[in-house]
>>> print(open('start.txt').read())   # compact mmCIF, C-alpha atoms
# COMPACT_ATOMS: atom_id res chain seq x y z
CA MET A 1 5.99 21.64 -20.97
CA ARG A 2 4.09 20.26 -17.99
CA ARG A 3 5.98 16.95 -18.03
CA GLN A 4 9.34 17.68 -19.67
CA VAL A 5 10.43 20.67 -17.57
CA PRO A 6 9.95 18.88 -14.20
CA LEU A 7 11.86 15.84 -15.52
CA LEU A 8 14.71 18.04 -16.74
CA LEU A 9 14.81 19.93 -13.42
CA THR A 10 14.92 16.68 -11.46
CA ALA A 11 17.77 15.32 -13.56
CA ILE A 12 19.88 18.51 -13.44
CA VAL A 13 19.52 19.03 -9.69
CA GLY A 14 20.05 15.35 -8.91
CA PHE A 15 23.22 15.15 -11.02
CA VAL A 16 24.63 18.35 -9.47
CA TYR A 17 24.40 16.78 -6.00
CA ILE A 18 26.01 13.54 -7.17
CA ILE A 19 28.80 15.31 -9.09
CA GLN A 20 29.65 17.64 -6.20
CA PHE A 21 30.16 14.59 -3.96
CA PHE A 22 32.91 13.32 -6.27
CA VAL A 23 34.17 16.78 -7.37
CA PRO A 24 33.77 19.05 -4.32
CA HIS A 25 35.29 22.08 -6.06
CA LYS A 26 34.10 25.15 -7.94
CA PRO A 27 31.54 25.50 -9.44
CA PHE A 28 29.80 22.37 -8.10
CA ASN A 29 30.31 23.13 -4.39
CA ILE A 30 28.92 26.65 -4.86
CA ILE A 31 25.92 25.39 -6.85
CA GLU A 32 25.30 22.69 -4.24
CA HIS A 33 25.35 25.28 -1.44
CA LEU A 34 22.97 27.49 -3.43
CA PHE A 35 20.62 24.59 -4.19
CA THR A 36 20.58 23.58 -0.52
CA ASP A 37 19.42 27.10 0.42
CA TRP A 38 16.82 27.02 -2.36
CA ILE A 39 15.52 23.70 -1.07
CA LEU A 40 15.07 25.17 2.41
CA ILE A 41 13.13 28.09 0.93
CA ILE A 42 10.93 25.79 -1.18
CA ALA A 43 10.43 23.46 1.82
CA ALA A 44 9.33 26.43 3.93
CA CYS A 45 6.84 27.37 1.19
CA ALA A 46 5.65 23.73 1.09
CA ILE A 47 4.98 23.87 4.84
CA TRP A 48 3.18 27.18 4.38
CA LEU A 49 1.16 25.54 1.58
CA GLY A 50 0.10 22.74 3.95
CA VAL A 51 -0.84 25.21 6.67
CA LEU A 52 -2.78 27.46 4.26
CA ASN A 53 -4.57 24.40 2.88
CA LEU A 54 -5.56 23.41 6.41
CA LEU A 55 -6.90 26.92 6.99
CA LYS A 56 -8.77 26.83 3.68
CA LEU A 57 -10.45 23.51 4.50
CA SER A 58 -11.25 24.59 8.06
CA SER A 59 -12.71 27.91 6.88
CA GLU A 60 -14.89 26.10 4.32
CA LYS A 61 -16.13 23.80 7.08
CA VAL A 62 -17.04 26.75 9.29
CA TYR A 63 -18.66 28.66 6.40
CA LYS A 64 -20.81 25.69 5.39
CA ARG A 65 -21.61 24.84 9.02
CA ALA A 66 -20.50 21.28 8.28
CA LYS A 67 -20.40 18.51 10.88
CA ASP A 68 -18.11 19.38 13.84
CA TRP A 69 -17.56 22.92 12.48
CA PRO A 70 -16.87 24.40 15.96
CA TYR A 71 -13.69 22.28 16.12
CA ALA A 72 -12.60 23.70 12.75
CA LEU A 73 -13.07 27.13 14.33
CA VAL A 74 -10.80 26.05 17.22
CA ILE A 75 -8.13 25.11 14.63
CA ILE A 76 -8.37 28.57 13.03
CA CYS A 77 -8.32 30.36 16.41
CA GLY A 78 -5.37 28.26 17.63
CA PHE A 79 -3.48 29.04 14.42
CA PHE A 80 -4.06 32.80 14.58
CA MET A 81 -3.33 32.95 18.32
CA ILE A 82 0.21 31.57 17.96
CA THR A 83 0.88 33.20 14.57
CA VAL A 84 -0.03 36.70 15.80
CA ALA A 85 2.09 36.07 18.92
CA GLY A 86 4.92 34.80 16.71
CA PHE A 87 4.98 37.79 14.37
CA PHE A 88 4.14 40.60 16.80
CA PHE A 89 4.86 39.40 20.36
CA SER A 90 7.99 37.29 20.02
CA GLY A 91 11.71 37.94 20.03
CA GLY A 92 11.76 38.53 16.25
CA ARG A 93 14.66 36.63 14.75
CA ALA A 94 15.18 34.97 18.14
CA PHE A 95 11.49 34.13 18.02
CA GLN A 96 11.56 31.59 20.82
CA GLU A 97 13.00 34.02 23.36
CA SER A 98 11.74 33.15 26.82
CA GLY A 99 9.30 35.55 28.47
CA THR A 100 7.50 36.45 25.23
CA ALA A 101 3.82 35.71 24.45
CA PHE A 102 4.93 33.27 21.75
CA ASP A 103 7.08 31.35 24.22
CA TYR A 104 4.21 31.36 26.74
CA ILE A 105 1.91 29.64 24.23
CA TYR A 106 4.68 27.26 23.22
CA VAL A 107 5.45 26.22 26.81
CA ASN A 108 1.93 26.13 28.23
CA ILE A 109 -0.15 24.96 25.26
CA PHE A 110 1.97 23.42 22.50
CA THR A 111 4.36 21.40 24.72
CA PRO A 112 1.74 19.80 27.05
CA LEU A 113 -0.50 18.96 24.09
CA SER A 114 2.24 17.35 22.00
CA ALA A 115 3.84 15.50 24.95
CA THR A 116 0.47 14.11 26.09
CA MET A 117 -0.50 13.17 22.53
CA PHE A 118 2.66 11.07 22.21
CA ALA A 119 2.34 9.74 25.78
CA LEU A 120 -1.13 8.49 24.86
CA LEU A 121 0.54 6.12 22.42
CA ALA A 122 1.96 4.19 25.39
CA PHE A 123 -1.54 2.91 26.17
CA PHE A 124 -2.30 2.03 22.55
CA VAL A 125 1.04 0.27 22.09
CA ALA A 126 0.39 -1.70 25.30
CA SER A 127 -3.12 -2.76 24.26
CA ALA A 128 -2.01 -3.57 20.69
CA SER A 129 0.91 -5.68 21.92
CA TYR A 130 -1.40 -7.51 24.36
CA ARG A 131 -3.56 -8.54 21.40
CA ALA A 132 -0.78 -9.15 18.87
CA PHE A 133 2.00 -10.70 20.95
CA ARG A 134 1.53 -14.43 21.12
CA ALA A 135 4.54 -16.74 21.45
CA ARG A 136 3.16 -19.11 18.80
CA THR A 137 6.37 -19.51 16.80
CA PHE A 138 10.07 -19.38 17.59
CA GLU A 139 10.41 -16.04 15.74
CA ALA A 140 7.50 -14.50 17.68
CA THR A 141 9.04 -15.74 20.95
CA LEU A 142 12.36 -14.08 20.05
CA LEU A 143 10.57 -10.79 19.37
CA LEU A 144 8.63 -11.06 22.62
CA LEU A 145 11.70 -11.90 24.73
CA ALA A 146 13.83 -9.14 23.18
CA GLY A 147 11.09 -6.57 23.85
CA PHE A 148 10.52 -7.91 27.38
CA PHE A 149 14.19 -7.81 28.40
CA VAL A 150 14.81 -4.38 26.86
CA MET A 151 11.79 -2.93 28.70
CA LEU A 152 12.60 -4.60 32.00
CA GLY A 153 16.27 -3.75 31.74
CA ARG A 154 15.53 -0.06 31.37
CA VAL A 155 13.62 0.35 34.66
CA PRO A 156 15.05 0.17 38.22
CA VAL A 157 12.95 -2.88 39.11
CA GLY A 158 14.83 -4.90 36.49
CA ASP A 159 18.15 -4.36 38.24
CA LEU A 160 16.49 -4.87 41.63
CA MET A 161 15.27 -8.32 40.58
CA THR A 162 18.78 -9.32 39.52
CA SER A 163 20.72 -7.47 42.23
CA TRP A 164 22.06 -10.80 43.54
CA LEU A 165 23.96 -11.28 40.28
CA PRO A 166 27.43 -9.72 39.84
CA GLN A 167 27.80 -6.44 37.94
CA GLY A 168 27.75 -7.00 34.18
CA TYR A 169 25.22 -9.86 34.38
CA ARG A 170 22.15 -7.92 35.52
CA LEU A 171 19.04 -7.21 33.47
CA SER A 172 20.20 -3.71 32.51
CA ASP A 173 23.42 -5.26 31.17
CA LEU A 174 21.44 -7.85 29.22
CA ALA A 175 19.24 -5.08 27.77
CA GLY A 176 22.36 -3.14 26.83
CA TRP A 177 23.88 -6.22 25.19
CA ILE A 178 20.69 -6.89 23.18
CA MET A 179 20.68 -3.27 21.99
CA MET A 180 24.38 -3.17 21.14
CA VAL A 181 24.94 -6.59 19.55
CA PRO A 182 22.02 -8.59 18.02
CA ASN A 183 19.85 -5.47 17.62
CA MET A 184 22.76 -3.61 16.03
CA ALA A 185 23.36 -6.50 13.61
CA GLY A 186 19.69 -6.49 12.53
CA GLN A 187 19.66 -2.69 12.29
CA ARG A 188 22.75 -2.79 10.06
CA ALA A 189 21.13 -5.30 7.73
CA ILE A 190 18.00 -3.11 7.55
CA MET A 191 20.04 0.08 7.03
CA ILE A 192 22.13 -1.46 4.24
CA GLY A 193 18.92 -2.77 2.62
CA ILE A 194 17.29 0.64 2.87
CA ALA A 195 20.39 2.33 1.45
CA LEU A 196 20.47 0.04 -1.58
CA GLY A 197 16.72 0.58 -2.12
CA ILE A 198 16.99 4.37 -1.83
CA MET A 199 20.02 4.50 -4.13
CA SER A 200 18.24 2.53 -6.85
CA THR A 201 15.04 4.58 -6.47
CA SER A 202 17.05 7.83 -6.56
CA LEU A 203 18.75 6.75 -9.77
CA ARG A 204 15.38 5.88 -11.32
CA VAL A 205 14.05 9.34 -10.39
CA ILE A 206 17.12 11.23 -11.64
CA LEU A 207 17.26 9.29 -14.91
CA GLY A 208 13.55 9.92 -15.50
CA ILE A 209 12.52 6.25 -15.36
CA GLU A 210 10.31 6.96 -12.36
CA ARG A 211 7.84 9.59 -13.60
CA THR A 212 5.05 9.56 -11.03
CA ILE A 213 6.28 12.87 -9.56
CA THR A 214 5.30 14.65 -12.76
CA GLY A 215 1.78 13.34 -12.54
CA GLY A 216 2.51 10.74 -15.20
CA GLU A 217 2.21 6.95 -15.12
CA MET B 1 -0.32 33.35 40.50
CA ASP B 2 0.80 33.52 36.90
CA SER B 3 2.45 30.09 37.11
CA VAL B 4 -0.69 28.65 38.78
CA PHE B 5 -2.79 29.95 35.87
CA SER B 6 -0.38 28.62 33.21
CA HIS B 7 -0.06 25.28 34.96
CA THR B 8 -3.85 25.02 35.16
CA ILE B 9 -4.17 25.63 31.40
CA ALA B 10 -1.50 23.00 30.71
CA ALA B 11 -3.17 20.57 33.16
CA ILE B 12 -6.64 20.98 31.59
CA LEU B 13 -5.16 20.37 28.13
CA THR B 14 -3.25 17.32 29.42
CA ILE B 15 -6.40 15.87 31.03
CA GLY B 16 -8.33 16.68 27.85
CA ILE B 17 -5.99 14.54 25.73
CA ILE B 18 -5.83 11.72 28.32
CA SER B 19 -9.67 11.70 28.48
CA PHE B 20 -9.62 9.97 25.07
CA LEU B 21 -8.72 6.75 26.93
CA TYR B 22 -12.28 6.72 28.25
CA LYS B 23 -13.89 7.55 24.89
CA ASP B 24 -13.98 10.19 22.17
CA ASN B 25 -15.46 13.28 23.84
CA PRO B 26 -15.88 17.04 23.20
CA LEU B 27 -13.01 18.02 25.52
CA TYR B 28 -10.62 15.70 23.65
CA LYS B 29 -11.85 17.00 20.29
CA PHE B 30 -11.31 20.57 21.47
CA CYS B 31 -7.76 19.80 22.65
CA GLU B 32 -6.99 17.87 19.46
CA SER B 33 -8.19 20.74 17.26
CA LEU B 34 -6.26 23.25 19.35
CA PHE B 35 -3.15 21.08 18.97
CA ILE B 36 -3.57 20.99 15.19
CA GLY B 37 -4.09 24.75 14.97
CA VAL B 38 -1.25 25.67 17.31
CA SER B 39 1.15 23.18 15.65
CA ALA B 40 0.33 24.58 12.21
CA GLY B 41 0.87 28.13 13.50
CA TYR B 42 4.12 27.19 15.23
CA TRP B 43 5.61 25.70 12.05
CA PHE B 44 4.31 28.64 10.01
CA VAL B 45 6.21 31.08 12.24
CA GLN B 46 9.24 28.81 12.67
CA GLN B 47 9.74 28.39 8.93
CA TYR B 48 9.48 32.15 8.42
CA TYR B 49 12.15 33.02 10.98
CA ALA B 50 14.41 30.02 10.35
CA ASN B 51 14.39 29.90 6.55
CA LEU B 52 12.37 32.49 4.66
CA LEU B 53 13.63 35.56 6.51
CA PRO B 54 17.40 34.85 6.59
CA LYS B 55 17.71 32.92 3.33
CA LEU B 56 15.22 34.64 1.04
CA PHE B 57 14.16 38.07 2.31
CA ASP B 58 17.57 39.07 3.74
CA ASN B 59 19.56 37.84 0.71
CA LEU B 60 17.27 39.67 -1.68
CA GLY B 61 17.18 42.79 0.50
CA ILE B 62 13.41 42.74 0.97
CA THR B 63 13.82 43.07 4.75
CA LYS B 64 15.83 46.27 4.22
CA LEU B 65 13.34 47.46 1.61
CA VAL B 66 10.42 47.33 4.06
CA GLY B 67 12.47 49.33 6.57
CA ALA B 68 13.31 46.70 9.15
CA GLU B 69 15.95 47.73 11.71
CA ASN B 70 19.44 46.18 11.48
CA ALA B 71 18.49 44.41 8.26
CA PRO B 72 21.42 43.57 5.97
CA GLU B 73 21.67 45.01 2.48
CA GLY B 74 20.71 42.51 -0.20
CA ALA B 75 20.71 41.92 -3.93
CA LEU B 76 18.00 44.49 -4.67
CA GLN B 77 19.98 47.29 -2.97
CA ALA B 78 23.07 46.24 -4.93
CA LEU B 79 21.10 46.31 -8.18
CA PHE B 80 19.20 49.55 -7.77
CA LEU B 81 21.57 51.61 -5.59
CA GLU B 82 24.99 50.43 -6.81
CA GLY B 83 23.98 49.20 -10.24
CA ARG B 84 25.69 45.81 -9.94
CA LEU B 85 24.42 42.25 -10.15
CA ASP B 86 24.90 40.53 -6.81
CA ASP B 87 25.18 36.73 -6.56
CA ASN B 88 22.32 36.77 -4.06
CA LEU B 89 19.99 37.79 -6.89
CA LEU B 90 19.89 34.06 -7.70
CA TYR B 91 17.71 33.64 -4.60
CA LEU B 92 14.98 35.29 -6.66
CA ILE B 93 14.65 31.95 -8.51
CA ALA B 94 14.07 30.19 -5.17
CA GLY B 95 11.45 32.81 -4.31
CA VAL B 96 9.71 32.24 -7.65
CA LEU B 97 9.81 28.46 -7.10
CA GLY B 98 8.36 28.99 -3.61
CA VAL B 99 5.50 31.08 -5.00
CA MET B 100 4.93 28.40 -7.66
CA MET B 101 4.61 25.88 -4.84
CA LEU B 102 1.96 28.06 -3.15
CA LEU B 103 0.02 28.22 -6.45
CA ARG B 104 -1.00 24.61 -5.73
CA LEU B 105 -3.83 26.21 -3.79
CA SER B 106 -5.34 27.39 -7.07
CA PRO B 107 -7.05 24.51 -8.93
CA LYS B 108 -6.59 26.09 -12.40
CA ILE B 109 -2.83 26.67 -12.28
CA GLY B 110 -2.01 24.15 -9.56
CA TRP B 111 0.01 22.05 -12.05
CA ILE B 112 2.78 24.66 -11.93
CA ALA B 113 3.65 23.40 -8.43
CA ARG B 114 5.21 20.38 -10.17
CA TRP B 115 8.25 22.50 -11.02
CA PRO B 116 9.34 23.27 -7.45
CA LEU B 117 8.26 19.75 -6.51
CA ALA B 118 10.55 18.35 -9.22
CA PHE B 119 13.38 20.50 -7.87
CA THR B 120 12.78 19.14 -4.36
CA VAL B 121 12.51 15.54 -5.56
CA GLY B 122 15.66 15.88 -7.72
CA SER B 123 17.72 17.34 -4.90
CA SER B 124 16.41 14.77 -2.40
CA ALA B 125 17.22 11.98 -4.84
CA GLY B 126 20.74 13.32 -5.48
CA LEU B 127 21.38 14.00 -1.81
CA TYR B 128 19.99 10.67 -0.61
CA PHE B 129 21.94 8.80 -3.28
CA ILE B 130 25.24 10.02 -1.88
CA THR B 131 24.40 10.25 1.83
CA TYR B 132 22.85 6.79 2.00
CA PHE B 133 25.69 5.39 -0.06
CA GLN B 134 28.19 6.93 2.35
CA SER B 135 26.57 6.69 5.79
CA ASN B 136 24.28 3.68 5.51
CA ALA B 137 25.82 1.38 2.94
CA MET B 138 29.60 1.95 3.08
CA SER B 139 29.91 3.06 6.70
CA GLN B 140 27.80 0.17 8.02
CA LEU B 141 29.75 -2.31 5.90
CA GLU B 142 33.02 -0.83 7.16
CA HIS B 143 31.92 -1.25 10.79
CA THR B 144 30.87 -4.84 10.11
CA ILE B 145 34.31 -5.88 8.88
CA LEU B 146 35.57 -6.85 12.33
CA PRO B 147 38.24 -9.26 13.60
CA LEU B 148 36.76 -12.60 14.65
CA ASN B 149 38.29 -12.41 18.11
CA SER B 150 35.18 -12.15 20.28
CA PHE B 151 31.70 -13.63 20.56
CA ASN B 152 30.09 -10.19 20.12
CA ASN B 153 31.98 -9.56 16.86
CA LEU B 154 30.93 -12.97 15.57
CA VAL B 155 27.26 -12.27 16.40
CA LEU B 156 27.48 -8.85 14.70
CA ILE B 157 28.97 -10.26 11.50
CA VAL B 158 26.65 -13.28 11.30
CA GLY B 159 23.59 -11.12 12.12
CA THR B 160 24.39 -8.46 9.52
CA VAL B 161 25.30 -10.88 6.73
CA THR B 162 22.31 -13.21 7.29
CA GLY B 163 20.00 -10.21 7.62
CA ILE B 164 21.16 -8.92 4.22
CA ILE B 165 20.71 -12.43 2.78
CA TYR B 166 17.10 -12.40 3.98
CA PHE B 167 16.49 -9.16 2.03
CA TYR B 168 17.86 -10.69 -1.18
CA PHE B 169 14.76 -11.83 -3.04
CA SER B 170 16.29 -12.52 -6.48
CA LYS B 171 17.17 -16.07 -5.40
CA GLU B 172 14.76 -18.53 -3.85
CA HIS B 173 15.31 -19.02 -0.12
CA LYS B 174 16.22 -22.73 -0.27
CA GLY B 175 19.06 -24.94 1.01
CA VAL B 176 22.06 -23.19 2.62
CA PHE B 177 20.83 -19.82 1.35
CA GLY B 178 17.41 -20.45 2.89
CA GLY B 179 19.03 -21.52 6.18
CA ALA B 180 21.07 -18.30 6.28
CA ALA B 181 17.93 -16.27 5.51
CA LYS B 182 16.18 -18.05 8.39
CA VAL B 183 18.96 -17.03 10.79
CA GLY B 184 18.58 -13.50 9.36
CA ILE B 185 14.89 -13.55 10.31
CA TYR B 186 15.84 -14.45 13.90
CA PHE B 187 18.11 -11.43 14.11
CA LEU B 188 15.49 -9.19 12.55
CA MET B 189 12.93 -10.42 15.07
CA ILE B 190 15.27 -9.54 17.94
CA THR B 191 15.76 -6.11 16.33
CA PHE B 192 12.01 -5.52 16.03
CA GLY B 193 11.46 -6.66 19.62
CA ALA B 194 14.24 -4.43 20.94
CA SER B 195 12.97 -1.47 18.89
CA PHE B 196 9.47 -2.09 20.19
CA GLY B 197 10.69 -2.21 23.81
CA TYR B 198 12.74 0.93 23.27
CA THR B 199 9.74 2.79 21.76
CA VAL B 200 7.41 1.68 24.58
CA MET B 201 9.90 2.92 27.18
CA SER B 202 10.26 6.31 25.47
CA ARG B 203 6.46 6.70 25.38
CA MET B 204 6.28 5.58 29.01
CA SER B 205 8.82 8.21 30.04
CA LEU B 206 6.68 10.85 28.30
CA LEU B 207 3.62 9.56 30.16
CA ILE B 208 5.49 9.60 33.48
CA GLY B 209 6.48 13.18 32.69
CA ARG B 210 2.84 14.20 32.19
CA ILE B 211 1.65 12.34 35.32
CA ASP B 212 4.48 13.97 37.28
CA PHE B 213 3.36 17.35 35.94
CA LEU B 214 -0.27 16.75 36.98
CA PHE B 215 0.40 15.36 40.46
CA GLY B 216 3.66 17.16 41.21
CA THR B 217 3.89 20.52 39.46
CA TRP B 218 0.17 21.27 39.28
CA LEU B 219 -1.43 19.67 42.34
CA GLY B 220 1.72 19.52 44.47
CA LEU B 221 0.85 16.03 45.73
CA VAL B 222 4.19 14.51 44.73
CA LYS B 223 7.27 16.22 46.15
>>> encode(input="start.txt", output="structure tokens")
Amino acid sequence: MRRQVPLLLTAIVGFVYIIQFFVPHKPFNIIEHLFTDWILIIAACAIWLGVLNLLKLSSEKVYKRAKDWPYALVIICGFFMITVAGFFFSGGRAFQESGTAFDYIYVNIFTPLSATMFALLAFFVASASYRAFRARTFEATLLLLAGFFVMLGRVPVGDLMTSWLPQGYRLSDLAGWIMMVPNMAGQRAIMIGIALGIMSTSLRVILGIERTITGGE
Amino acid sequence: MDSVFSHTIAAILTIGIISFLYKDNPLYKFCESLFIGVSAGYWFVQQYYANLLPKLFDNLGITKLVGAENAPEGALQALFLEGRLDDNLLYLIAGVLGVMMLLRLSPKIGWIARWPLAFTVGSSAGLYFITYFQSNAMSQLEHTILPLNSFNNLVLIVGTVTGIIYFYFSKEHKGVFGGAAKVGIYFLMITFGASFGYTVMSRMSLLIGRIDFLFGTWLGLVK
């Protein structure tokens, strides 16, 4: 019961999606539409599960006065602040309506925090590349040069340095060419490789060969 | 005044996160925890209004049942008021699967979450099988079949084919095959370098945005 039902569910749902691609007519298109809605509902519950689990762990930390418990309290307070605003002081169905308390928290707390958190990665990427990038081999030199020209070609100083060259031969044009031609070729190879890998893994899952999702071996 | 106060909050939080560059400190930990809490809350609310409310509660008629204004009639109203089985009643199964997912929080009956998980995995597998087949495999192949009338087309074809050859591990990379795989590595290296440069520039633009906010919007030093 614990193993067989999940395997059966996986196979049925997987085959419905594959069949409706080749036979996009009743009843498969209706079932596919229904399943897509169900997935969104289950995904929402999965996100709620993650959030509730975070709250559970944070509450336990506060209750036991574990190490750094005041920060766990900040997590709980931050959560309730935006959730209460979202359910009681927002635009309802148009929950992100501007001028509401929910939007105020989103604009003045959530956005600066997330933008700065990702901006911080610029420093770490720079320091990591300083340590890792060494033009020891031909391949490493290619990687270094491609990165260098793409970065330089995307800032005004790149074009300024090559302003004496005719249009179409400046650094921004070189960066554009790298992105559109050799980079595109590599990306295509990677994408086709990923697609073949995903297709074979999907088939293994649907046919029940891959059973790790059911907690099995 | 209100904007000065909100900008000051945003500026303190921005400085708090940036302060990690010096070292891990209480202000950074506070901002990090606040970010986690607020993000979790944001997605909690977003998922409710974007998915649970319109797709589950409205279709079943639960929104109408609890007396919400302008709520549409759902499957429960059809069943109990009109005595007919509405198609939307099928959303009850999704609701049950959702609750089963939440039961993961209980250690004793947590195994029941495997059912909705299996549903999600099955649909993802089915969906990915066809979408990746269509958009990544076939569409990319289609766009690679180009006329050999320009240098760019030649580079695209050679790069794609040799890149795929590199990913083929069922045959030893020796001789002509090995040479082609080697050319594939060169193209992949250019791709990784370009992707790296692109990522760095996107992070840099975010950083410039935050610095502009601090010195321009908040302090007014940059006009």
>>> closest_residue(input="start.txt", among="B:Met189, B:Ile15, B:Leu221, B:Ala71", to="chain A", atoms="all atoms listed in the file")
B:Met189
>>> closest_residue(input="start.txt", among="B:Lys64, B:Lys23, B:Lys108, B:Arg210", to="chain A", atoms="only C-alpha atoms")
B:Arg210
>>> closest_residue(input="start.txt", among="B:Thr191, B:Asn70, B:Ser205, B:Ser139", to="chain A", atoms="all atoms listed in the file")
B:Thr191
>>> interface_residues(input="start.txt", of="chain A", to="chain B", cutoff="6 Å", atoms="only C-alpha atoms", output="PyMOL selection string")
chain A and resi 6+9-10+13-14+17-18+38+41-42+44-45+48-49+51+71+74-75+78-79+82-83+86+93+108-109+112+116+119+122+139+142-143+146-147+150-151+181+183+185-186+188-189+191-192+195+199+202
>>> closest_residue(input="start.txt", among="A:Ile105, A:Ala175, A:Ile213, A:Leu160", to="Gln4 of chain A", atoms="all atoms listed in the file")
A:Ile213
>>> residues_near_point(input="start.txt", point="(25.3, 40.4, -4.3)", cutoff="12 Å", atoms="all atoms listed in the file", output="list in words")
Asp58, Asn59, Leu60, Gly61, Pro72, Glu73, Gly74, Ala75, Leu76, Gln77, Ala78, Leu79, Phe80, Leu81, Glu82, Gly83, Arg84, Leu85, Asp86, Asp87, Asn88, Leu89, Leu90, Tyr91 and Leu92 of chain B
>>> atom_distance(input="start.txt", atom1="atom CA of Arg65 of chain A", atom2="atom CA of Asn53 of chain A")
18.1 Å
>>> atom_distance(input="start.txt", atom1="atom CA of Gly168 of chain A", atom2="atom CA of Phe138 of chain A")
27.2 Å
>>> atom_distance(input="start.txt", atom1="atom CA of Phe15 of chain A", atom2="atom CA of Ile206 of chain A")
7.3 Å
>>> axis_aligned_box(input="start.txt", around="segment 216-220 of chain B", padding_each_side="6 Å", output="lines of an AutoDock Vina configuration file")
center_x = 1.2
center_y = 19.2
center_z = 41.9
size_x = 17.3
size_y = 16.1
size_z = 17.2
